[in-house]
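One file, entry-v6.pdb, is given below (PDB, C-alpha atoms and all ligand atoms).
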```
MODEL        1
ATOM      1  CA  MET A  17      18.023 -33.096   2.891
ATOM      2  CA  LYS A  18      14.275 -32.565   3.028
ATOM      3  CA  PRO A  19      12.483 -32.094  -0.284
ATOM      4  CA  ILE A  20      11.785 -28.569  -1.453
ATOM      5  CA  ARG A  21       8.085 -27.756  -1.143
ATOM      6  CA  ILE A  22       6.487 -24.823  -2.909
ATOM      7  CA  ALA A  23       3.313 -23.793  -1.093
ATOM      8  CA  PRO A  24       1.283 -21.133  -2.921
ATOM      9  CA  SER A  25      -0.825 -19.010  -0.592
ATOM     10  CA  ILE A  26      -4.299 -18.666  -2.067
ATOM     11  CA  LEU A  27      -4.633 -15.353  -0.216
ATOM     12  CA  ALA A  28      -3.199 -13.851  -3.410
ATOM     13  CA  SER A  29      -5.552 -15.762  -5.733
ATOM     14  CA  ASP A  30      -8.862 -14.657  -7.259
ATOM     15  CA  PHE A  31     -11.399 -15.356  -4.473
ATOM     16  CA  SER A  32     -14.271 -15.348  -6.978
ATOM     17  CA  LYS A  33     -12.989 -18.672  -8.391
ATOM     18  CA  LEU A  34     -11.082 -20.289  -5.537
ATOM     19  CA  GLY A  35     -11.687 -23.912  -6.579
ATOM     20  CA  GLN A  36     -10.356 -23.237 -10.075
ATOM     21  CA  GLU A  37      -7.350 -21.365  -8.651
ATOM     22  CA  VAL A  38      -6.467 -24.329  -6.429
ATOM     23  CA  ARG A  39      -6.728 -26.763  -9.354
ATOM     24  CA  ASP A  40      -4.681 -24.465 -11.598
ATOM     25  CA  VAL A  41      -1.881 -23.920  -9.116
ATOM     26  CA  VAL A  42      -1.604 -27.663  -8.440
ATOM     27  CA  ALA A  43      -1.530 -28.339 -12.199
ATOM     28  CA  ALA A  44       1.208 -25.694 -12.393
ATOM     29  CA  GLY A  45       3.449 -27.624  -9.965
ATOM     30  CA  ALA A  46       2.496 -26.578  -6.431
ATOM     31  CA  ASP A  47       3.449 -29.155  -3.793
ATOM     32  CA  TRP A  48       1.219 -27.826  -1.015
ATOM     33  CA  ILE A  49      -1.650 -25.350  -0.779
ATOM     34  CA  HIS A  50      -1.059 -22.738   1.931
ATOM     35  CA  LEU A  51      -4.252 -21.552   3.616
ATOM     36  CA  ASP A  52      -4.038 -18.284   5.573
ATOM     37  CA  VAL A  53      -6.763 -17.995   8.182
ATOM     38  CA  MET A  54      -7.073 -14.505   9.748
ATOM     39  CA  ASP A  55      -9.500 -13.464  12.454
ATOM     40  CA  GLY A  56      -9.340  -9.649  12.641
ATOM     41  CA  HIS A  57      -8.064  -9.990  16.218
ATOM     42  CA  PHE A  58      -4.670 -11.715  16.188
ATOM     43  CA  VAL A  59      -4.007  -9.908  12.896
ATOM     44  CA  GLN A  60      -5.647  -6.855  11.344
ATOM     45  CA  ASN A  61      -7.282  -8.688   8.481
ATOM     46  CA  ILE A  62     -10.074 -11.220   8.009
ATOM     47  CA  SER A  63      -9.719 -13.924   5.343
ATOM     48  CA  TYR A  64     -11.731 -17.157   5.458
ATOM     49  CA  GLY A  65     -12.479 -20.041   7.795
ATOM     50  CA  PRO A  66     -13.015 -23.802   7.898
ATOM     51  CA  ASP A  67     -16.120 -23.856   5.692
ATOM     52  CA  VAL A  68     -14.192 -22.374   2.777
ATOM     53  CA  ILE A  69     -11.364 -24.878   3.285
ATOM     54  CA  LYS A  70     -13.896 -27.730   3.413
ATOM     55  CA  ALA A  71     -15.364 -26.535   0.098
ATOM     56  CA  LEU A  72     -11.877 -26.543  -1.470
ATOM     57  CA  ARG A  73     -10.924 -30.007  -0.213
ATOM     58  CA  PRO A  74     -12.602 -31.975  -3.064
ATOM     59  CA  HIS A  75     -10.696 -29.928  -5.658
ATOM     60  CA  THR A  76      -7.298 -31.545  -5.007
ATOM     61  CA  ASP A  77      -5.373 -34.221  -3.126
ATOM     62  CA  ALA A  78      -2.491 -31.785  -2.501
ATOM     63  CA  VAL A  79      -1.414 -31.258   1.093
ATOM     64  CA  PHE A  80      -3.407 -28.493   2.795
ATOM     65  CA  ASP A  81      -0.981 -26.424   4.861
ATOM     66  CA  CYS A  82      -3.164 -24.356   7.163
ATOM     67  CA  HIS A  83      -1.672 -21.255   8.824
ATOM     68  CA  LEU A  84      -3.911 -20.120  11.651
ATOM     69  CA  MET A  85      -3.513 -16.420  12.484
ATOM     70  CA  ILE A  86      -6.237 -16.581  15.096
ATOM     71  CA  SER A  87      -6.425 -16.191  18.847
ATOM     72  CA  PRO A  88      -7.595 -18.148  20.731
ATOM     73  CA  THR A  89      -6.935 -21.253  18.666
ATOM     74  CA  ASP A  90      -7.943 -24.358  20.562
ATOM     75  CA  ALA A  91     -11.720 -24.042  20.206
ATOM     76  CA  TYR A  92     -11.349 -24.092  16.396
ATOM     77  CA  LEU A  93      -8.800 -26.883  15.858
ATOM     78  CA  GLU A  94     -11.377 -29.627  15.404
ATOM     79  CA  ALA A  95     -13.208 -27.625  12.737
ATOM     80  CA  PHE A  96      -9.994 -27.188  10.739
ATOM     81  CA  ALA A  97      -9.138 -30.877  11.126
ATOM     82  CA  LYS A  98     -12.610 -31.862   9.889
ATOM     83  CA  ALA A  99     -12.325 -29.398   7.007
ATOM     84  CA  GLY A 100      -9.434 -31.495   5.646
ATOM     85  CA  CYS A 101      -6.293 -29.617   6.674
ATOM     86  CA  ASP A 102      -3.174 -31.817   6.779
ATOM     87  CA  TYR A 103      -0.838 -29.468   8.648
ATOM     88  CA  ILE A 104      -2.400 -27.139  11.212
ATOM     89  CA  THR A 105      -0.017 -24.401  12.322
ATOM     90  CA  VAL A 106      -0.658 -22.170  15.313
ATOM     91  CA  HIS A 107       1.264 -19.060  16.324
ATOM     92  CA  ALA A 108       3.441 -19.234  19.432
ATOM     93  CA  GLU A 109       2.237 -15.677  20.144
ATOM     94  CA  ALA A 110      -1.461 -16.599  19.948
ATOM     95  CA  GLY A 111      -1.924 -17.909  23.463
ATOM     96  CA  PRO A 112      -0.335 -19.053  26.702
ATOM     97  CA  HIS A 113      -0.726 -22.813  26.140
ATOM     98  CA  LEU A 114       1.257 -23.608  22.992
ATOM     99  CA  HIS A 115       2.181 -27.121  24.089
ATOM    100  CA  ARG A 116      -1.476 -27.967  24.703
ATOM    101  CA  SER A 117      -2.505 -26.661  21.266
ATOM    102  CA  LEU A 118       0.157 -28.768  19.547
ATOM    103  CA  GLN A 119      -0.900 -31.874  21.436
ATOM    104  CA  ALA A 120      -4.530 -31.201  20.520
ATOM    105  CA  ILE A 121      -3.638 -31.013  16.800
ATOM    106  CA  ARG A 122      -1.817 -34.344  16.930
ATOM    107  CA  ALA A 123      -4.662 -35.910  18.910
ATOM    108  CA  LEU A 124      -6.930 -34.948  15.997
ATOM    109  CA  GLY A 125      -4.650 -37.000  13.716
ATOM    110  CA  LYS A 126      -3.101 -33.972  12.013
ATOM    111  CA  LYS A 127       0.444 -32.682  11.644
ATOM    112  CA  ALA A 128       1.228 -29.924  14.114
ATOM    113  CA  GLY A 129       2.993 -26.717  13.177
ATOM    114  CA  VAL A 130       4.227 -23.725  15.136
ATOM    115  CA  ALA A 131       4.680 -20.274  13.598
ATOM    116  CA  ILE A 132       6.787 -17.446  15.007
ATOM    117  CA  ASN A 133       6.654 -13.779  14.069
ATOM    118  CA  PRO A 134       9.733 -11.892  12.847
ATOM    119  CA  ALA A 135      10.380 -10.346  16.293
ATOM    120  CA  THR A 136       9.859 -13.565  18.264
ATOM    121  CA  HIS A 137      12.999 -15.296  19.540
ATOM    122  CA  GLU A 138      13.530 -18.882  18.467
ATOM    123  CA  SER A 139      14.019 -19.943  22.102
ATOM    124  CA  VAL A 140      10.219 -20.311  22.250
ATOM    125  CA  LEU A 141      10.809 -23.553  20.294
ATOM    126  CA  ASP A 142      13.166 -25.029  22.912
ATOM    127  CA  TYR A 143      10.648 -27.221  24.711
ATOM    128  CA  ILE A 144       8.267 -28.115  21.886
ATOM    129  CA  LEU A 145      10.456 -29.483  19.105
ATOM    130  CA  GLY A 146       9.367 -33.003  20.045
ATOM    131  CA  ASP A 147       5.739 -31.981  19.545
ATOM    132  CA  VAL A 148       5.861 -30.430  16.072
ATOM    133  CA  ASP A 149       6.022 -31.586  12.466
ATOM    134  CA  LEU A 150       6.600 -28.109  11.011
ATOM    135  CA  VAL A 151       8.173 -24.822  12.081
ATOM    136  CA  LEU A 152       7.017 -21.748  10.156
ATOM    137  CA  LEU A 153       9.222 -18.664  10.283
ATOM    138  CA  MET A 154       7.322 -15.502   9.377
ATOM    139  CA  SER A 155       9.474 -13.296   7.163
ATOM    140  CA  VAL A 156       6.871 -10.508   7.204
ATOM    141  CA  ASN A 157       4.538  -9.404   9.963
ATOM    142  CA  PRO A 158       1.422 -11.540   9.539
ATOM    143  CA  GLY A 159      -1.854 -10.207   8.219
ATOM    144  CA  PHE A 160      -1.266  -9.285   4.600
ATOM    145  CA  GLY A 161       0.263 -10.616   1.409
ATOM    146  CA  GLY A 162       2.559  -8.583  -0.814
ATOM    147  CA  GLN A 163       4.975  -7.322   1.870
ATOM    148  CA  LYS A 164       8.759  -7.172   1.698
ATOM    149  CA  TYR A 165      10.965  -9.964   3.040
ATOM    150  CA  ILE A 166      12.561  -9.097   6.407
ATOM    151  CA  HIS A 167      16.210 -10.085   5.981
ATOM    152  CA  SER A 168      17.010 -10.654   9.671
ATOM    153  CA  VAL A 169      14.864 -13.800   9.470
ATOM    154  CA  THR A 170      17.518 -15.491   7.315
ATOM    155  CA  GLU A 171      19.913 -15.586  10.297
ATOM    156  CA  LYS A 172      17.092 -16.879  12.485
ATOM    157  CA  ALA A 173      16.453 -19.645   9.936
ATOM    158  CA  LYS A 174      20.086 -20.766  10.241
ATOM    159  CA  ARG A 175      19.757 -21.009  14.022
ATOM    160  CA  VAL A 176      16.426 -22.839  13.888
ATOM    161  CA  HIS A 177      17.766 -25.238  11.257
ATOM    162  CA  ALA A 178      20.603 -26.116  13.652
ATOM    163  CA  MET A 179      18.147 -26.548  16.534
ATOM    164  CA  ILE A 180      16.015 -28.960  14.467
ATOM    165  CA  GLY A 181      19.048 -31.095  13.568
ATOM    166  CA  ASP A 182      17.954 -34.434  12.133
ATOM    167  CA  ARG A 183      14.399 -34.337  13.494
ATOM    168  CA  PRO A 184      11.724 -34.951  10.818
ATOM    169  CA  ILE A 185      10.463 -31.357  10.957
ATOM    170  CA  GLU A 186       9.656 -29.238   7.904
ATOM    171  CA  LEU A 187      11.210 -25.759   8.079
ATOM    172  CA  GLU A 188       8.969 -23.282   6.282
ATOM    173  CA  ILE A 189       9.291 -19.598   5.505
ATOM    174  CA  ASP A 190       6.367 -17.296   4.780
ATOM    175  CA  GLY A 191       6.287 -13.744   3.476
ATOM    176  CA  GLY A 192       7.960 -11.891   0.623
ATOM    177  CA  ILE A 193       9.280 -15.050  -1.016
ATOM    178  CA  THR A 194      10.332 -14.504  -4.645
ATOM    179  CA  PRO A 195      13.044 -15.932  -6.913
ATOM    180  CA  GLU A 196      15.261 -13.150  -5.473
ATOM    181  CA  THR A 197      14.718 -13.951  -1.773
ATOM    182  CA  ALA A 198      14.390 -17.761  -1.944
ATOM    183  CA  PRO A 199      18.106 -18.597  -2.447
ATOM    184  CA  ALA A 200      19.314 -17.119   0.858
ATOM    185  CA  ALA A 201      16.450 -18.778   2.731
ATOM    186  CA  ALA A 202      17.274 -22.134   1.118
ATOM    187  CA  ALA A 203      20.951 -21.712   1.989
ATOM    188  CA  ALA A 204      19.887 -21.094   5.598
ATOM    189  CA  GLY A 205      18.091 -24.461   5.714
ATOM    190  CA  ILE A 206      14.521 -23.639   4.700
ATOM    191  CA  ASN A 207      12.849 -26.449   2.709
ATOM    192  CA  ALA A 208       9.223 -25.235   2.449
ATOM    193  CA  PHE A 209       8.526 -21.930   0.696
ATOM    194  CA  VAL A 210       5.188 -20.144   0.956
ATOM    195  CA  ALA A 211       4.573 -17.639  -1.809
ATOM    196  CA  GLY A 212       1.417 -15.704  -2.580
ATOM    197  CA  SER A 213       1.936 -12.706  -4.836
ATOM    198  CA  ALA A 214       5.014 -14.183  -6.534
ATOM    199  CA  VAL A 215       3.011 -17.263  -7.605
ATOM    200  CA  PHE A 216      -0.336 -15.717  -8.538
ATOM    201  CA  LYS A 217       0.993 -12.785 -10.542
ATOM    202  CA  GLY A 218      -0.036 -13.090 -14.177
ATOM    203  CA  GLY A 219      -3.389 -14.690 -13.405
ATOM    204  CA  SER A 220      -3.096 -17.720 -15.711
ATOM    205  CA  VAL A 221      -2.014 -21.337 -15.277
ATOM    206  CA  GLU A 222       0.926 -20.694 -17.635
ATOM    207  CA  SER A 223       2.192 -17.829 -15.505
ATOM    208  CA  TYR A 224       1.673 -19.872 -12.307
ATOM    209  CA  ARG A 225       3.825 -22.635 -13.832
ATOM    210  CA  ALA A 226       6.607 -20.190 -14.743
ATOM    211  CA  ASN A 227       6.418 -18.473 -11.339
ATOM    212  CA  ILE A 228       6.557 -21.752  -9.366
ATOM    213  CA  SER A 229       9.432 -23.057 -11.512
ATOM    214  CA  ALA A 230      11.383 -19.846 -10.952
ATOM    215  CA  ILE A 231      10.991 -20.045  -7.154
ATOM    216  CA  ARG A 232      11.871 -23.757  -7.132
ATOM    217  CA  ALA A 233      14.956 -23.193  -9.305
ATOM    218  CA  ALA A 234      16.060 -20.310  -7.072
ATOM    219  CA  ALA A 235      15.642 -22.464  -3.944
ATOM    220  CA  GLU A 236      17.607 -25.320  -5.515
ATOM    221  CA  LYS A 237      20.361 -22.902  -6.517
ATOM    222  CA  GLY A 238      20.507 -21.553  -2.966
ATOM    223  CA  ARG A 239      20.995 -25.069  -1.629
ATOM    224  CA  ALA A 240      23.754 -25.980  -4.033
TER
HETATM  225  O1  LIG B   1       0.711 -15.600   6.211
HETATM  226  C1  LIG B   1       0.846 -14.766   5.340
HETATM  227  C2  LIG B   1       0.589 -13.314   5.600
HETATM  228  O2  LIG B   1       0.178 -13.160   6.889
HETATM  229  C3  LIG B   1       1.353 -15.216   4.034
HETATM  230  O3  LIG B   1       1.099 -16.575   3.801
HETATM  231  C4  LIG B   1       1.119 -14.350   2.818
HETATM  232  O4  LIG B   1      -0.093 -14.640   2.196
HETATM  233  C5  LIG B   1       2.252 -14.522   1.845
HETATM  234  O5  LIG B   1       2.071 -13.635   0.796
HETATM  235  P1  LIG B   1       3.310 -13.045  -0.048
HETATM  236  O6  LIG B   1       4.191 -12.289   0.920
HETATM  237  O7  LIG B   1       4.021 -14.228  -0.631
HETATM  238  O8  LIG B   1       2.646 -12.184  -1.059
HETATM  239 FE    FE B   2       0.796 -17.738   5.723
ENDMDL
END
```

Just give me the structure of the file as structure tokens.
Ligand SMILES: O=C(CO)[C@@H](O)[C@H](O)COP(=O)(O)O
Ligand SMILES: [Fe+2]
Amino acid sequence: MKPIRIAPSILASDFSKLGQEVRDVVAAGADWIHLDVMDGHFVQNISYGPDVIKALRPHTDAVFDCHLMISPTDAYLEAFAKAGCDYITVHAEAGPHLHRSLQAIRALGKKAGVAINPATHESVLDYILGDVDLVLLMSVNPGFGGQKYIHSVTEKAKRVHAMIGDRPIELEIDGGITPETAPAAAAAGINAFVAGSAVFKGGSVESYRANISAIRAAAEKGRA
């Protein structure tokens, strides 16, 4: 079984002290840092870009898990690679040349991820599973933190987990993850859990530690 990864999304952190928030959440037990990049075109929100990620890179050695909600993608991949992202995930819905985008990410020496929206069928993964290191299942419609988990994605996770089989691919879920929703996702085969509001609530390193531990314990319970 793949290790459980807890990936706090800094979208829910205090943007006025991002470097401190990244250090605090890593000290509190985060495995990865999830970076939500939004362009106001693919999604109806604008967050931050490669320069902000580059500024955060010296604050930690933790894996930077970059979720690109931008369209088009390819012109920006090099900038995100140079900014220090480890995983670069593009949306299957973001353009007509998914396979090319994934190849471009690997050619930059980075791990390639593909994200699919709640209403996108998993068959879009059929011909690219050999070209990805991570599959991200959106369990909310992308664009905003703090939304409710869409339960139909749990069944999709089971099907995608079976499709992945024994390939070395991380299976990640993103949106509405809490200690209440994590167990069913874990039971369905998810091993990487993005959580924004459920991690950053409380606003202190002590609360981040308790929040991360609660999500991790819930995921482990779901697996058992
Ligand atoms: O990609 C996205 C939203 O588009 C996510 O990464 C959210 O930032 C997760 O936030 P919560 O649902 O956990 O509050
Ligand atoms: Fe995300």

Study note, to complete from the structure: One decimal place gives the atom CA of Pro74 of chain A-atom CA of Lys18 of chain A separation as 27.6 Å

**Study point:** Surrounding residues of Val79 of chain A excluding itself and chain neighbours under 6 positions, 9 Å, all atoms listed in the file, as a ChimeraX atom specification
**Key:** /A:47-50,101-103

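Evaluating the PyMOL selection byres (((chain A and resi 23) around 9) and not hetatm) against the shown model yields Arg21, Ile22, Pro24, Ser25, Ala46, Asp47, Trp48, Ile49, His50, Asp81, Ala208, Phe209, Val210, Ala211 and Gly212 of chain A.
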
How close does each residue of chain A get to ligand LIG 1 (chain B), giving the shortest atom pair and distance in Å to one decimal for every residue with an atom at most 10 Å away, counting only C-alpha atoms and all ligand atoms, sorted by chain and residue number, as a tab-separated table?
```
residue	atom	partner	partner_atom	distance
A:Ala23	CA	B:LIG1	O3	9.0
A:Pro24	CA	B:LIG1	O7	7.8
A:Ser25	CA	B:LIG1	O4	5.2
A:Ile26	CA	B:LIG1	O4	7.2
A:Leu27	CA	B:LIG1	O4	5.2
A:Ala28	CA	B:LIG1	O4	6.5
A:Ser29	CA	B:LIG1	O4	9.7
A:His50	CA	B:LIG1	O3	6.8
A:Leu51	CA	B:LIG1	O3	7.3
A:Asp52	CA	B:LIG1	O1	5.5
A:Val53	CA	B:LIG1	O1	8.1
A:Met54	CA	B:LIG1	O2	7.9
A:Val59	CA	B:LIG1	O2	8.0
A:Gln60	CA	B:LIG1	O2	9.7
A:Asn61	CA	B:LIG1	O2	8.8
A:Cys82	CA	B:LIG1	O3	9.5
A:His83	CA	B:LIG1	O1	6.7
A:Leu84	CA	B:LIG1	O1	8.4
A:Met85	CA	B:LIG1	O2	7.5
A:Ala131	CA	B:LIG1	O1	9.6
A:Asn133	CA	B:LIG1	O2	9.7
A:Leu152	CA	B:LIG1	O1	9.7
A:Leu153	CA	B:LIG1	O1	9.9
A:Met154	CA	B:LIG1	O1	7.3
A:Ser155	CA	B:LIG1	O6	8.2
A:Val156	CA	B:LIG1	O6	7.1
A:Asn157	CA	B:LIG1	O2	6.5
A:Pro158	CA	B:LIG1	O2	3.3
A:Gly159	CA	B:LIG1	O2	3.8
A:Phe160	CA	B:LIG1	C2	4.5
A:Gly161	CA	B:LIG1	O5	3.6
A:Gly162	CA	B:LIG1	O8	3.6
A:Gln163	CA	B:LIG1	O6	5.1
A:Lys164	CA	B:LIG1	O6	6.9
A:Tyr165	CA	B:LIG1	O6	7.5
A:Ile189	CA	B:LIG1	O3	8.9
A:Asp190	CA	B:LIG1	O3	5.4
A:Gly191	CA	B:LIG1	O6	3.6
A:Gly192	CA	B:LIG1	O6	3.8
A:Ile193	CA	B:LIG1	O7	5.3
A:Thr194	CA	B:LIG1	O7	7.5
A:Phe209	CA	B:LIG1	O7	9.0
A:Val210	CA	B:LIG1	O3	6.1
A:Ala211	CA	B:LIG1	O7	3.7
A:Gly212	CA	B:LIG1	O7	3.6
A:Ser213	CA	B:LIG1	O8	3.9
A:Ala214	CA	B:LIG1	O7	6.0
A:Val215	CA	B:LIG1	O7	7.7
A:Phe216	CA	B:LIG1	O8	8.8
A:Lys217	CA	B:LIG1	O8	9.6
```

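In this structure, atom CA of His177 of chain A sits 5.6 Å away from atom CA of Gly205 of chain A.
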
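Coordinates place atom CA of Glu94 of chain A at a distance of 16.6 Å from atom CA of His113 of chain A.
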
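Proximity ranking of A:Ile132, A:Ile69, A:Ala173, A:Leu34 relative to ligand FE 2 (chain B) places A:Ile132 first, based on all atoms listed in the file.
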
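When all atoms listed in the file are used to compute distances to ligand FE 2 (chain B), the closest of the residues A:His167, A:His107, A:Lys174, A:Arg122 turns out to be A:His107.
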
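Candidate residues A:Arg232, A:Lys126, A:Glu222, A:Ser63 were compared for distance to Val41 of chain A, and the nearest is A:Glu222, using only C-alpha atoms.
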
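Distance check against ligand FE 2 (chain B) using only C-alpha atoms and all ligand atoms: of A:Gly129, A:Gly181, A:Gly35, A:Gly218, the minimum falls on A:Gly129.
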
Exercise for review: For the point (-3.7, -27.0, 24.9) in the file's frame, write as number ranges by chain all residues with an atom no more than 8 Å away, counting all atoms listed in the file.
Suggested key: A: 90, 113-120

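Using only C-alpha atoms and all ligand atoms, the nearest neighbour of ligand FE 2 (chain B) within the list A:Tyr224, A:Tyr143, A:Tyr92, A:Phe80 is A:Phe80.
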
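When the distance limit is 10 Å and only C-alpha atoms are what count, the residues near Lys70 of chain A, minus those fewer than 4 positions from it on the same chain, are Gly65, Pro66, Pro74, His75, Ala95, Phe96, Ala97, Lys98, Ala99, Gly100 and Cys101 of chain A.
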
Spatial neighbours of Ile180 of chain A, 10 Å, all atoms listed in the file, chain gap at least 4 places, as a compact mmCIF listing (two decimals) with C-alpha atoms, in the coordinates of the input:
```
# COMPACT_ATOMS: atom_id res chain seq x y z
CA LEU A 141 10.81 -23.55 20.29
CA ASP A 142 13.17 -25.03 22.91
CA LEU A 145 10.46 -29.48 19.10
CA GLY A 146 9.37 -33.00 20.05
CA VAL A 151 8.17 -24.82 12.08
CA ARG A 175 19.76 -21.01 14.02
CA VAL A 176 16.43 -22.84 13.89
CA PRO A 184 11.72 -34.95 10.82
CA ILE A 185 10.46 -31.36 10.96
CA GLU A 186 9.66 -29.24 7.90
CA LEU A 187 11.21 -25.76 8.08
```

Enclose all atoms of segment 60-69 of chain A listed in the file in an axis-aligned box, grow every side by 6 Å, and hand back centre and edge lengths in Å to one decimal, as AutoDock Vina command-line options.
```
--center_x -10.9 --center_y -15.9 --center_z 7.1 --size_x 22.5 --size_y 30.0 --size_z 20.6
```

Review point. Quick one: of A:Ala226, A:Ile144, A:Ala234, A:Ile104, who's nearest to ligand FE 2 (chain B), counting only C-alpha atoms and all ligand atoms?
Key: A:Ile104
